[in-house]
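Enquirer: File follows, target.cif with mmCIF, C-alpha atoms:
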data_start
loop_
_atom_site.group_PDB
_atom_site.id
_atom_site.type_symbol
_atom_site.label_atom_id
_atom_site.label_comp_id
_atom_site.auth_asym_id
_atom_site.auth_seq_id
_atom_site.Cartn_x
_atom_site.Cartn_y
_atom_site.Cartn_z
ATOM 1 C CA MET W 1 17.970 20.257 35.821
ATOM 2 C CA GLN W 2 20.905 20.724 38.112
ATOM 3 C CA PRO W 3 20.560 19.986 41.817
ATOM 4 C CA VAL W 4 20.523 23.114 43.949
ATOM 5 C CA GLU W 5 22.476 22.970 47.173
ATOM 6 C CA LEU W 6 20.531 25.317 49.422
ATOM 7 C CA ALA W 7 23.326 25.912 51.953
ATOM 8 C CA GLU W 8 25.734 26.795 49.171
ATOM 9 C CA ALA W 9 23.207 29.179 47.645
ATOM 10 C CA LEU W 10 22.759 30.854 51.025
ATOM 11 C CA ALA W 11 26.498 31.137 51.554
ATOM 12 C CA SER W 12 26.832 33.167 48.373
ATOM 13 C CA PHE W 13 25.237 36.373 49.672
ATOM 14 C CA ASP W 14 24.837 38.344 52.877
ATOM 15 C CA GLU W 15 21.822 40.628 52.503
ATOM 16 C CA VAL W 16 18.795 39.966 54.641
ATOM 17 C CA PHE W 17 15.215 40.043 53.371
ATOM 18 C CA ALA W 18 16.578 39.916 49.821
ATOM 19 C CA PRO W 19 15.521 36.553 48.361
ATOM 20 C CA ARG W 20 17.560 34.865 45.634
ATOM 21 C CA ILE W 21 15.838 32.696 43.062
ATOM 22 C CA VAL W 22 17.334 29.205 42.834
ATOM 23 C CA GLY W 23 14.737 27.576 40.605
ATOM 24 C CA TYR W 24 11.249 27.628 39.192
ATOM 25 C CA TYR W 25 8.205 25.434 39.687
ATOM 26 C CA ASN W 26 5.150 26.019 37.489
ATOM 27 C CA GLY W 27 5.561 29.788 37.356
ATOM 28 C CA ASN W 28 6.624 30.060 40.958
ATOM 29 C CA LYS W 29 10.047 31.185 42.074
ATOM 30 C CA ILE W 30 11.851 28.936 44.512
ATOM 31 C CA GLN W 31 13.939 31.253 46.626
ATOM 32 C CA VAL W 32 16.350 31.186 49.497
ATOM 33 C CA ALA W 33 16.546 34.150 51.827
ATOM 34 C CA LYS W 34 18.263 35.292 54.978
ATOM 35 C CA ALA W 35 16.255 36.939 57.715
ATOM 36 C CA HIS W 36 17.633 38.904 60.644
ATOM 37 C CA GLY W 37 15.745 41.682 62.350
ATOM 38 C CA GLU W 38 12.271 42.749 61.436
ATOM 39 C CA PHE W 39 10.676 42.835 58.002
ATOM 40 C CA VAL W 40 7.618 44.982 57.231
ATOM 41 C CA TRP W 41 3.955 44.217 57.760
ATOM 42 C CA HIS W 42 2.488 43.064 54.482
ATOM 43 C CA SER W 43 0.136 40.644 52.812
ATOM 44 C CA HIS W 44 -0.137 39.051 49.411
ATOM 45 C CA ALA W 45 -3.574 39.667 47.920
ATOM 46 C CA ASP W 46 -3.487 36.896 45.357
ATOM 47 C CA THR W 47 -1.103 34.266 46.617
ATOM 48 C CA ASP W 48 -0.226 32.096 49.556
ATOM 49 C CA ASP W 49 3.294 32.403 50.937
ATOM 50 C CA LEU W 50 5.289 29.252 51.695
ATOM 51 C CA PHE W 51 8.053 29.429 54.330
ATOM 52 C CA LEU W 52 10.389 26.585 55.255
ATOM 53 C CA VAL W 53 13.088 27.284 57.816
ATOM 54 C CA LEU W 54 16.480 25.742 57.091
ATOM 55 C CA LYS W 55 18.479 27.297 59.927
ATOM 56 C CA GLY W 56 17.770 29.605 62.853
ATOM 57 C CA ARG W 57 14.314 30.638 63.938
ATOM 58 C CA LEU W 58 11.670 32.586 62.047
ATOM 59 C CA ILE W 59 8.966 34.430 63.896
ATOM 60 C CA ILE W 60 5.949 35.297 61.778
ATOM 61 C CA GLU W 61 3.878 37.925 63.537
ATOM 62 C CA LEU W 62 0.199 37.993 62.682
ATOM 63 C CA ARG W 63 -2.399 40.564 63.689
ATOM 64 C CA ASP W 64 -3.874 37.995 66.039
ATOM 65 C CA GLY W 65 -0.943 35.835 67.047
ATOM 66 C CA VAL W 66 2.458 34.571 66.148
ATOM 67 C CA VAL W 67 3.929 31.488 64.484
ATOM 68 C CA GLU W 68 7.465 30.400 65.280
ATOM 69 C CA LEU W 69 9.379 28.111 62.974
ATOM 70 C CA GLY W 70 12.648 26.294 63.558
ATOM 71 C CA PRO W 71 14.709 24.183 61.151
ATOM 72 C CA GLY W 72 12.618 21.616 59.297
ATOM 73 C CA GLN W 73 9.366 23.413 60.033
ATOM 74 C CA LEU W 74 7.198 25.032 57.417
ATOM 75 C CA CYS W 75 4.046 27.033 57.248
ATOM 76 C CA VAL W 76 1.903 28.646 54.604
ATOM 77 C CA VAL W 77 0.572 32.144 55.184
ATOM 78 C CA PRO W 78 -2.717 32.226 53.256
ATOM 79 C CA ARG W 79 -3.374 34.962 50.711
ATOM 80 C CA GLY W 80 -4.636 38.179 52.231
ATOM 81 C CA VAL W 81 -3.283 37.501 55.711
ATOM 82 C CA GLU W 82 -1.155 40.321 57.095
ATOM 83 C CA HIS W 83 2.119 39.156 58.522
ATOM 84 C CA ARG W 84 5.529 40.435 59.585
ATOM 85 C CA PRO W 85 8.471 38.029 59.481
ATOM 86 C CA ARG W 86 11.162 38.602 62.087
ATOM 87 C CA ALA W 87 14.293 36.807 63.209
ATOM 88 C CA ASP W 88 16.314 37.490 66.336
ATOM 89 C CA GLU W 89 19.286 35.549 64.960
ATOM 90 C CA GLU W 90 20.451 34.981 61.387
ATOM 91 C CA THR W 91 17.861 32.690 59.899
ATOM 92 C CA HIS W 92 17.822 30.904 56.555
ATOM 93 C CA ILE W 93 14.621 30.116 54.748
ATOM 94 C CA LEU W 94 13.221 28.591 51.602
ATOM 95 C CA LEU W 95 10.403 30.710 50.185
ATOM 96 C CA ILE W 96 8.016 30.005 47.346
ATOM 97 C CA GLU W 97 5.992 32.753 45.689
ATOM 98 C CA PRO W 98 4.699 33.277 42.149
ATOM 99 C CA VAL W 99 7.057 34.895 39.657
ATOM 100 C CA GLY W 100 6.398 38.631 39.653
ATOM 101 C CA GLU W 101 5.109 38.738 43.231
ATOM 102 C CA PRO W 102 7.045 41.287 45.324
ATOM 103 C CA ASN W 103 8.291 40.012 48.692
ATOM 104 C CA THR W 104 6.294 42.829 50.283
ATOM 105 C CA GLY W 105 3.087 41.998 48.398
ATOM 106 C CA ASP W 106 3.249 45.544 47.014
ATOM 107 C CA SER W 107 6.151 46.771 44.909
ATOM 108 C CA SER W 108 5.709 50.382 46.034
ATOM 109 C CA LYS W 109 6.869 49.510 49.542
ATOM 110 C CA ARG W 110 10.419 50.550 50.287
ATOM 111 C CA ALA W 111 11.327 47.113 51.573
ATOM 112 C CA ALA W 112 10.414 45.475 48.239
ATOM 113 C CA ALA W 113 13.456 43.579 46.969
ATOM 114 C CA PRO W 114 14.143 43.121 43.270
ATOM 115 C CA GLU W 115 13.673 39.647 41.777
ATOM 116 C CA VAL W 116 17.204 38.307 41.564
ATOM 117 C CA GLU W 117 18.321 34.989 40.192
ATOM 118 C CA LEU W 118 21.213 33.524 42.050
ATOM 119 C CA GLU W 119 24.286 33.460 39.878
ATOM 120 C CA THR W 120 25.683 29.987 39.661
ATOM 121 C CA MET Y 1 -1.811 28.183 59.996
ATOM 122 C CA GLN Y 2 -0.033 25.718 62.199
ATOM 123 C CA PRO Y 3 3.675 25.064 61.704
ATOM 124 C CA VAL Y 4 4.357 21.655 60.187
ATOM 125 C CA GLU Y 5 7.287 19.736 61.629
ATOM 126 C CA LEU Y 6 8.477 17.699 58.677
ATOM 127 C CA ALA Y 7 10.436 15.111 60.691
ATOM 128 C CA GLU Y 8 7.425 14.480 62.891
ATOM 129 C CA ALA Y 9 5.180 14.100 59.854
ATOM 130 C CA LEU Y 10 7.625 11.610 58.381
ATOM 131 C CA ALA Y 11 7.827 9.656 61.635
ATOM 132 C CA SER Y 12 4.076 9.051 61.550
ATOM 133 C CA PHE Y 13 4.048 6.533 58.691
ATOM 134 C CA ASP Y 14 6.210 3.829 57.163
ATOM 135 C CA GLU Y 15 5.071 3.273 53.571
ATOM 136 C CA VAL Y 16 7.431 4.223 50.785
ATOM 137 C CA PHE Y 17 6.395 6.099 47.646
ATOM 138 C CA ALA Y 18 3.139 7.021 49.385
ATOM 139 C CA PRO Y 19 3.215 10.800 49.899
ATOM 140 C CA ARG Y 20 1.300 12.422 52.746
ATOM 141 C CA ILE Y 21 -0.103 15.921 52.328
ATOM 142 C CA VAL Y 22 1.034 18.300 55.064
ATOM 143 C CA GLY Y 23 -0.245 21.565 53.597
ATOM 144 C CA TYR Y 24 -1.395 23.468 50.563
ATOM 145 C CA TYR Y 25 0.087 26.305 48.572
ATOM 146 C CA ASN Y 26 -2.038 27.911 45.833
ATOM 147 C CA GLY Y 27 -3.692 24.672 44.775
ATOM 148 C CA ASN Y 28 -0.553 22.624 45.178
ATOM 149 C CA LYS Y 29 -0.135 19.885 47.734
ATOM 150 C CA ILE Y 30 2.922 20.087 49.949
ATOM 151 C CA GLN Y 31 3.835 16.511 50.699
ATOM 152 C CA VAL Y 32 6.364 14.480 52.573
ATOM 153 C CA ALA Y 33 7.295 11.036 51.324
ATOM 154 C CA LYS Y 34 9.637 8.185 52.056
ATOM 155 C CA ALA Y 35 11.567 6.576 49.249
ATOM 156 C CA HIS Y 36 13.397 3.261 49.382
ATOM 157 C CA GLY Y 37 13.922 1.063 46.368
ATOM 158 C CA GLU Y 38 12.821 1.930 42.899
ATOM 159 C CA PHE Y 39 9.707 3.820 41.838
ATOM 160 C CA VAL Y 40 8.274 3.567 38.317
ATOM 161 C CA TRP Y 41 9.229 5.470 35.202
ATOM 162 C CA HIS Y 42 6.748 8.274 34.709
ATOM 163 C CA SER Y 43 6.314 11.881 33.692
ATOM 164 C CA HIS Y 44 3.840 14.617 34.483
ATOM 165 C CA ALA Y 45 2.402 16.066 31.287
ATOM 166 C CA ASP Y 46 1.169 19.326 32.762
ATOM 167 C CA THR Y 47 3.276 20.059 35.788
ATOM 168 C CA ASP Y 48 6.801 20.379 37.064
ATOM 169 C CA ASP Y 49 7.778 18.178 39.983
ATOM 170 C CA LEU Y 50 9.650 19.687 42.934
ATOM 171 C CA PHE Y 51 11.867 17.428 45.052
ATOM 172 C CA LEU Y 52 13.750 18.488 48.174
ATOM 173 C CA VAL Y 53 15.698 15.837 50.053
ATOM 174 C CA LEU Y 54 15.499 16.022 53.846
ATOM 175 C CA LYS Y 55 17.376 12.835 54.720
ATOM 176 C CA GLY Y 56 19.149 10.089 52.798
ATOM 177 C CA ARG Y 57 19.885 10.199 49.116
ATOM 178 C CA LEU Y 58 17.481 10.373 46.187
ATOM 179 C CA ILE Y 59 18.564 9.209 42.769
ATOM 180 C CA ILE Y 60 16.407 10.531 39.948
ATOM 181 C CA GLU Y 61 17.056 8.504 36.825
ATOM 182 C CA LEU Y 62 16.394 10.253 33.542
ATOM 183 C CA ARG Y 63 16.391 8.774 30.058
ATOM 184 C CA ASP Y 64 19.654 10.591 29.402
ATOM 185 C CA GLY Y 65 21.324 10.804 32.771
ATOM 186 C CA VAL Y 66 20.856 10.855 36.486
ATOM 187 C CA VAL Y 67 20.509 13.461 39.227
ATOM 188 C CA GLU Y 68 21.517 12.632 42.782
ATOM 189 C CA LEU Y 69 20.245 14.660 45.704
ATOM 190 C CA GLY Y 70 21.368 14.631 49.324
ATOM 191 C CA PRO Y 71 19.916 16.471 52.314
ATOM 192 C CA GLY Y 72 19.345 20.167 51.626
ATOM 193 C CA GLN Y 73 19.444 19.682 47.868
ATOM 194 C CA LEU Y 74 16.509 20.234 45.589
ATOM 195 C CA CYS Y 75 15.674 19.899 41.946
ATOM 196 C CA VAL Y 76 12.705 20.436 39.704
ATOM 197 C CA VAL Y 77 11.887 17.844 37.063
ATOM 198 C CA PRO Y 78 10.247 19.835 34.286
ATOM 199 C CA ARG Y 79 6.855 18.813 32.962
ATOM 200 C CA GLY Y 80 6.988 16.059 30.363
ATOM 201 C CA VAL Y 81 10.388 14.749 31.413
ATOM 202 C CA GLU Y 82 10.417 11.019 32.102
ATOM 203 C CA HIS Y 83 12.054 10.104 35.366
ATOM 204 C CA ARG Y 84 12.345 7.265 37.857
ATOM 205 C CA PRO Y 85 13.091 8.123 41.490
ATOM 206 C CA ARG Y 86 15.123 5.564 43.391
ATOM 207 C CA ALA Y 87 16.739 5.359 46.820
ATOM 208 C CA ASP Y 88 19.225 2.773 47.999
ATOM 209 C CA GLU Y 89 18.622 3.724 51.643
ATOM 210 C CA GLU Y 90 15.527 5.101 53.373
ATOM 211 C CA THR Y 91 15.195 8.632 52.071
ATOM 212 C CA HIS Y 92 12.869 11.411 53.145
ATOM 213 C CA ILE Y 93 11.679 14.056 50.745
ATOM 214 C CA LEU Y 94 9.479 17.098 50.440
ATOM 215 C CA LEU Y 95 7.454 17.004 47.230
ATOM 216 C CA ILE Y 96 5.251 19.652 45.666
ATOM 217 C CA GLU Y 97 2.717 18.822 42.963
ATOM 218 C CA PRO Y 98 -0.663 20.270 42.027
ATOM 219 C CA VAL Y 99 -3.696 18.949 43.882
ATOM 220 C CA GLY Y 100 -5.176 16.103 41.846
ATOM 221 C CA GLU Y 101 -1.905 15.151 40.165
ATOM 222 C CA PRO Y 102 -1.093 11.452 40.699
ATOM 223 C CA ASN Y 103 2.441 10.708 41.907
ATOM 224 C CA THR Y 104 2.858 8.563 38.802
ATOM 225 C CA GLY Y 105 1.609 11.260 36.426
ATOM 226 C CA ASP Y 106 -1.108 8.779 35.385
ATOM 227 C CA SER Y 107 -3.652 7.401 37.826
ATOM 228 C CA SER Y 108 -4.049 4.151 35.883
ATOM 229 C CA LYS Y 109 -0.543 3.058 36.852
ATOM 230 C CA ARG Y 110 -0.453 0.464 39.599
ATOM 231 C CA ALA Y 111 2.081 2.468 41.585
ATOM 232 C CA ALA Y 112 -0.267 5.471 41.810
ATOM 233 C CA ALA Y 113 -0.807 6.333 45.475
ATOM 234 C CA PRO Y 114 -4.040 7.871 46.742
ATOM 235 C CA GLU Y 115 -3.967 11.509 47.839
ATOM 236 C CA VAL Y 116 -3.777 11.286 51.599
ATOM 237 C CA GLU Y 117 -3.746 14.118 54.068
ATOM 238 C CA LEU Y 118 -1.590 13.448 57.056
ATOM 239 C CA GLU Y 119 -3.703 13.123 60.151
ATOM 240 C CA THR Y 120 -2.558 15.541 62.813
#
Would you mind writing the file's structure down as structure tokens?
Expert:
Amino acid sequence: MQPVELAEALASFDEVFAPRIVGYYNGNKIQVAKAHGEFVWHSHADTDDLFLVLKGRLIIELRDGVVELGPGQLCVVPRGVEHRPRADEETHILLIEPVGEPNTGDSSKRAAAPEVELET
Amino acid sequence: MQPVELAEALASFDEVFAPRIVGYYNGNKIQVAKAHGEFVWHSHADTDDLFLVLKGRLIIELRDGVVELGPGQLCVVPRGVEHRPRADEETHILLIEPVGEPNTGDSSKRAAAPEVELET
């Protein structure tokens, strides 16, 4: 039950769209991730997707619109909703998804990142 | 799927230890709360408890120690673990618990707050 310092966790790696697990909540992975550039279009069939921006600006493209999030703003993409996260500058986010859920919603996609626990 | 501005949500009420729901994630309530002073000793039998500090300093007393969290720090109190949150200054937190779970773990406790959605 150690406190997790999110900024420190984010400072420990450079890859973008490669979430690191910093904790667990009821079978969900609490992750930090860096975003820069464009991720892939995807959806999660069986889970909502929680995004909280810590730094920078996250643009979540939807088929029928766009949501922009700055620091201290969060949104939940409901299950089944196609979305494409994008960031025009280096952006840091907190992400919550169930353990086992690929960040692409589908592990066969090339952009799927492995589930990695942050080494502390 | 509107972005939630956490600081704005927190500016809309004054009560302490009275979480406001700002969104939902897979049957969990995403809440913001103010803490100042001492809450009650409690545990949640069937759920972990996720705390992220946004402002101030949260002290989580445990029967065998203490965890202190500043802004940008999070921790998860595992299910069944007795704890007492405390703050010596006004402290703002993001809290995630399952829908229906009282903030005291037990709705018969006097300190139990009703589940309130933030009006937007």
Enquirer: When you draw a straight line from atom CA of Thr104 of chain Y to atom CA of Val77 of chain W, how long is it in Å?
Expert: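 If I compute the distance from atom CA of Thr104 of chain Y to atom CA of Val77 of chain W, I get 28.8 Å.
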Enquirer: Which value, in Å to one decimal, gives the distance between atom CA of Cys75 of chain Y and atom CA of Ala111 of chain Y?
Expert: 22.1 Å
Enquirer: With distances taken over all atoms listed in the file, which residue among W:His36, W:Arg20, W:Arg110, W:Arg79 lies nearest chain Y?
Expert: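 Result for the nearest residue to chain Y: W:Arg79.
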Enquirer: Could you please tell me, as a ChimeraX atom specification, which residues of chain Y have an atom within 9 Å of chain W when using only C-alpha atoms?
Expert: /Y:1-7,23-26,47-50,54,67-79,96
Enquirer: Extract, using only C-alpha atoms, all DNA, RNA and protein residues at most 9 Å from segment 115-117 of chain Y, discarding same-chain residues fewer than 4 positions from it, and format them as a list in words.
Expert: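 Skipping anything fewer than 4 positions along the chain leaves Ala18, Pro19, Arg20, Ile21, Val22, Gly23, Gln31, Val99, Gly100, Glu101, Pro102 and Asn103 of chain Y.
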Enquirer: Residues of the last selection are to be written out with C-alpha atoms, as an mmCIF file, in the frame of the given file.
Expert:
data_model
loop_
_atom_site.group_PDB
_atom_site.id
_atom_site.type_symbol
_atom_site.label_atom_id
_atom_site.label_comp_id
_atom_site.auth_asym_id
_atom_site.auth_seq_id
_atom_site.Cartn_x
_atom_site.Cartn_y
_atom_site.Cartn_z
ATOM 1 C CA ALA Y 18 3.139 7.021 49.385
ATOM 2 C CA PRO Y 19 3.215 10.800 49.899
ATOM 3 C CA ARG Y 20 1.300 12.422 52.746
ATOM 4 C CA ILE Y 21 -0.103 15.921 52.328
ATOM 5 C CA VAL Y 22 1.034 18.300 55.064
ATOM 6 C CA GLY Y 23 -0.245 21.565 53.597
ATOM 7 C CA GLN Y 31 3.835 16.511 50.699
ATOM 8 C CA VAL Y 99 -3.696 18.949 43.882
ATOM 9 C CA GLY Y 100 -5.176 16.103 41.846
ATOM 10 C CA GLU Y 101 -1.905 15.151 40.165
ATOM 11 C CA PRO Y 102 -1.093 11.452 40.699
ATOM 12 C CA ASN Y 103 2.441 10.708 41.907
#
Enquirer: Need the axis-aligned box for segment 89-97 of chain Y with 5 Å each side, so what are the centre and edges in Å to one decimal, as lines of an AutoDock Vina configuration file?
Expert:
center_x = 10.7
center_y = 11.7
center_z = 48.2
size_x = 25.9
size_y = 25.9
size_z = 20.4
Enquirer: In terms of the shortest atom-to-atom distance over all atoms listed in the file, which of W:Ala33, W:Val40, W:Ile93, W:Ala45 is closest to Arg57 of chain W?
Expert: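 When distances to Arg57 of chain W are compared using all atoms listed in the file, the smallest one comes from W:Ile93.
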Enquirer: From the set Y:Pro85, Y:Lys55, Y:Leu62, Y:Ser43, which residue has the shortest atom-to-atom contact distance to Ser107 of chain Y, counting only C-alpha atoms?
Expert: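 Closest to Ser107 of chain Y, using only C-alpha atoms: Y:Ser43.
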Enquirer: Choose the residue, out of Y:Arg63, Y:His92, Y:Lys34, Y:Lys109, that has the smallest atom-to-atom separation from Glu15 of chain Y; count only C-alpha atoms.
Expert: Y:Lys34
Enquirer: Between atom CA of Ala113 of chain Y and atom CA of Val16 of chain Y, what distance in Å does the model show, to one decimal?
Expert: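 Atom-to-atom, atom CA of Ala113 of chain Y to atom CA of Val16 of chain Y, that is 10.0 Å.
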Enquirer: If I only have part of segment 89-116 of chain W, can you fill in N, CA and C atoms and write it as an mmCIF file, in the frame of the given file?
Expert:
data_model
loop_
_atom_site.group_PDB
_atom_site.id
_atom_site.type_symbol
_atom_site.label_atom_id
_atom_site.label_comp_id
_atom_site.auth_asym_id
_atom_site.auth_seq_id
_atom_site.Cartn_x
_atom_site.Cartn_y
_atom_site.Cartn_z
ATOM 1 N N GLU W 89 17.939 36.010 65.316
ATOM 2 C CA GLU W 89 19.286 35.549 64.960
ATOM 3 C C GLU W 89 19.280 35.344 63.445
ATOM 4 N N GLU W 90 20.447 35.197 62.836
ATOM 5 C CA GLU W 90 20.451 34.981 61.387
ATOM 6 C C GLU W 90 19.709 33.685 61.071
ATOM 7 N N THR W 91 18.751 33.811 60.203
ATOM 8 C CA THR W 91 17.861 32.690 59.899
ATOM 9 C C THR W 91 17.802 32.496 58.391
ATOM 10 N N HIS W 92 17.819 31.226 57.992
ATOM 11 C CA HIS W 92 17.822 30.904 56.555
ATOM 12 C C HIS W 92 16.512 30.212 56.195
ATOM 13 N N ILE W 93 15.915 30.685 55.130
ATOM 14 C CA ILE W 93 14.621 30.116 54.748
ATOM 15 C C ILE W 93 14.540 29.797 53.256
ATOM 16 N N LEU W 94 13.643 28.871 52.966
ATOM 17 C CA LEU W 94 13.221 28.591 51.602
ATOM 18 C C LEU W 94 11.834 29.219 51.475
ATOM 19 N N LEU W 95 11.632 29.926 50.396
ATOM 20 C CA LEU W 95 10.403 30.710 50.185
ATOM 21 C C LEU W 95 9.866 30.385 48.801
ATOM 22 N N ILE W 96 8.589 30.180 48.686
ATOM 23 C CA ILE W 96 8.016 30.005 47.346
ATOM 24 C C ILE W 96 6.887 31.001 47.147
ATOM 25 N N GLU W 97 6.998 31.745 46.060
ATOM 26 C CA GLU W 97 5.992 32.753 45.689
ATOM 27 C C GLU W 97 5.911 32.771 44.165
ATOM 28 N N PRO W 98 4.793 33.221 43.611
ATOM 29 C CA PRO W 98 4.699 33.277 42.149
ATOM 30 C C PRO W 98 5.707 34.260 41.552
ATOM 31 N N VAL W 99 6.191 33.963 40.379
ATOM 32 C CA VAL W 99 7.057 34.895 39.657
ATOM 33 C C VAL W 99 6.305 36.214 39.517
ATOM 34 N N GLY W 100 6.999 37.310 39.783
ATOM 35 C CA GLY W 100 6.398 38.631 39.653
ATOM 36 C C GLY W 100 5.840 39.171 40.949
ATOM 37 N N GLU W 101 5.671 38.286 41.948
ATOM 38 C CA GLU W 101 5.109 38.738 43.231
ATOM 39 C C GLU W 101 6.212 39.397 44.067
ATOM 40 N N PRO W 102 6.024 40.662 44.465
ATOM 41 C CA PRO W 102 7.045 41.287 45.324
ATOM 42 C C PRO W 102 7.044 40.654 46.722
ATOM 43 N N ASN W 103 8.208 40.639 47.362
ATOM 44 C CA ASN W 103 8.291 40.012 48.692
ATOM 45 C C ASN W 103 7.495 40.793 49.736
ATOM 46 N N THR W 104 7.114 42.014 49.389
ATOM 47 C CA THR W 104 6.294 42.829 50.283
ATOM 48 C C THR W 104 4.813 42.769 49.917
ATOM 49 N N GLY W 105 4.469 42.038 48.860
ATOM 50 C CA GLY W 105 3.087 41.998 48.398
ATOM 51 C C GLY W 105 2.723 43.219 47.575
ATOM 52 N N ASP W 106 3.559 44.251 47.624
ATOM 53 C CA ASP W 106 3.249 45.544 47.014
ATOM 54 C C ASP W 106 4.587 46.179 46.649
ATOM 55 N N SER W 107 4.822 46.344 45.339
ATOM 56 C CA SER W 107 6.151 46.771 44.909
ATOM 57 C C SER W 107 6.455 48.230 45.251
ATOM 58 N N SER W 108 5.430 48.985 45.689
ATOM 59 C CA SER W 108 5.709 50.382 46.034
ATOM 60 C C SER W 108 6.305 50.502 47.434
ATOM 61 N N LYS W 109 6.279 49.434 48.201
ATOM 62 C CA LYS W 109 6.869 49.510 49.542
ATOM 63 C C LYS W 109 8.389 49.588 49.451
ATOM 64 N N ARG W 110 8.962 50.360 50.338
ATOM 65 C CA ARG W 110 10.419 50.550 50.287
ATOM 66 C C ARG W 110 11.177 49.259 50.493
ATOM 67 N N ALA W 111 10.614 48.361 51.275
ATOM 68 C CA ALA W 111 11.327 47.113 51.573
ATOM 69 C C ALA W 111 11.274 46.113 50.417
ATOM 70 N N ALA W 112 10.525 46.426 49.358
ATOM 71 C CA ALA W 112 10.414 45.475 48.239
ATOM 72 C C ALA W 112 11.795 45.218 47.650
ATOM 73 N N ALA W 113 12.149 43.950 47.527
ATOM 74 C CA ALA W 113 13.456 43.579 46.969
ATOM 75 C C ALA W 113 13.266 43.235 45.493
ATOM 76 N N PRO W 114 14.259 43.519 44.672
ATOM 77 C CA PRO W 114 14.143 43.121 43.270
ATOM 78 C C PRO W 114 14.157 41.588 43.147
ATOM 79 N N GLU W 115 13.616 41.095 42.040
ATOM 80 C CA GLU W 115 13.673 39.647 41.777
ATOM 81 C C GLU W 115 15.050 39.327 41.228
ATOM 82 N N VAL W 116 15.822 38.569 41.959
ATOM 83 C CA VAL W 116 17.204 38.307 41.564
ATOM 84 C C VAL W 116 17.445 36.811 41.471
#
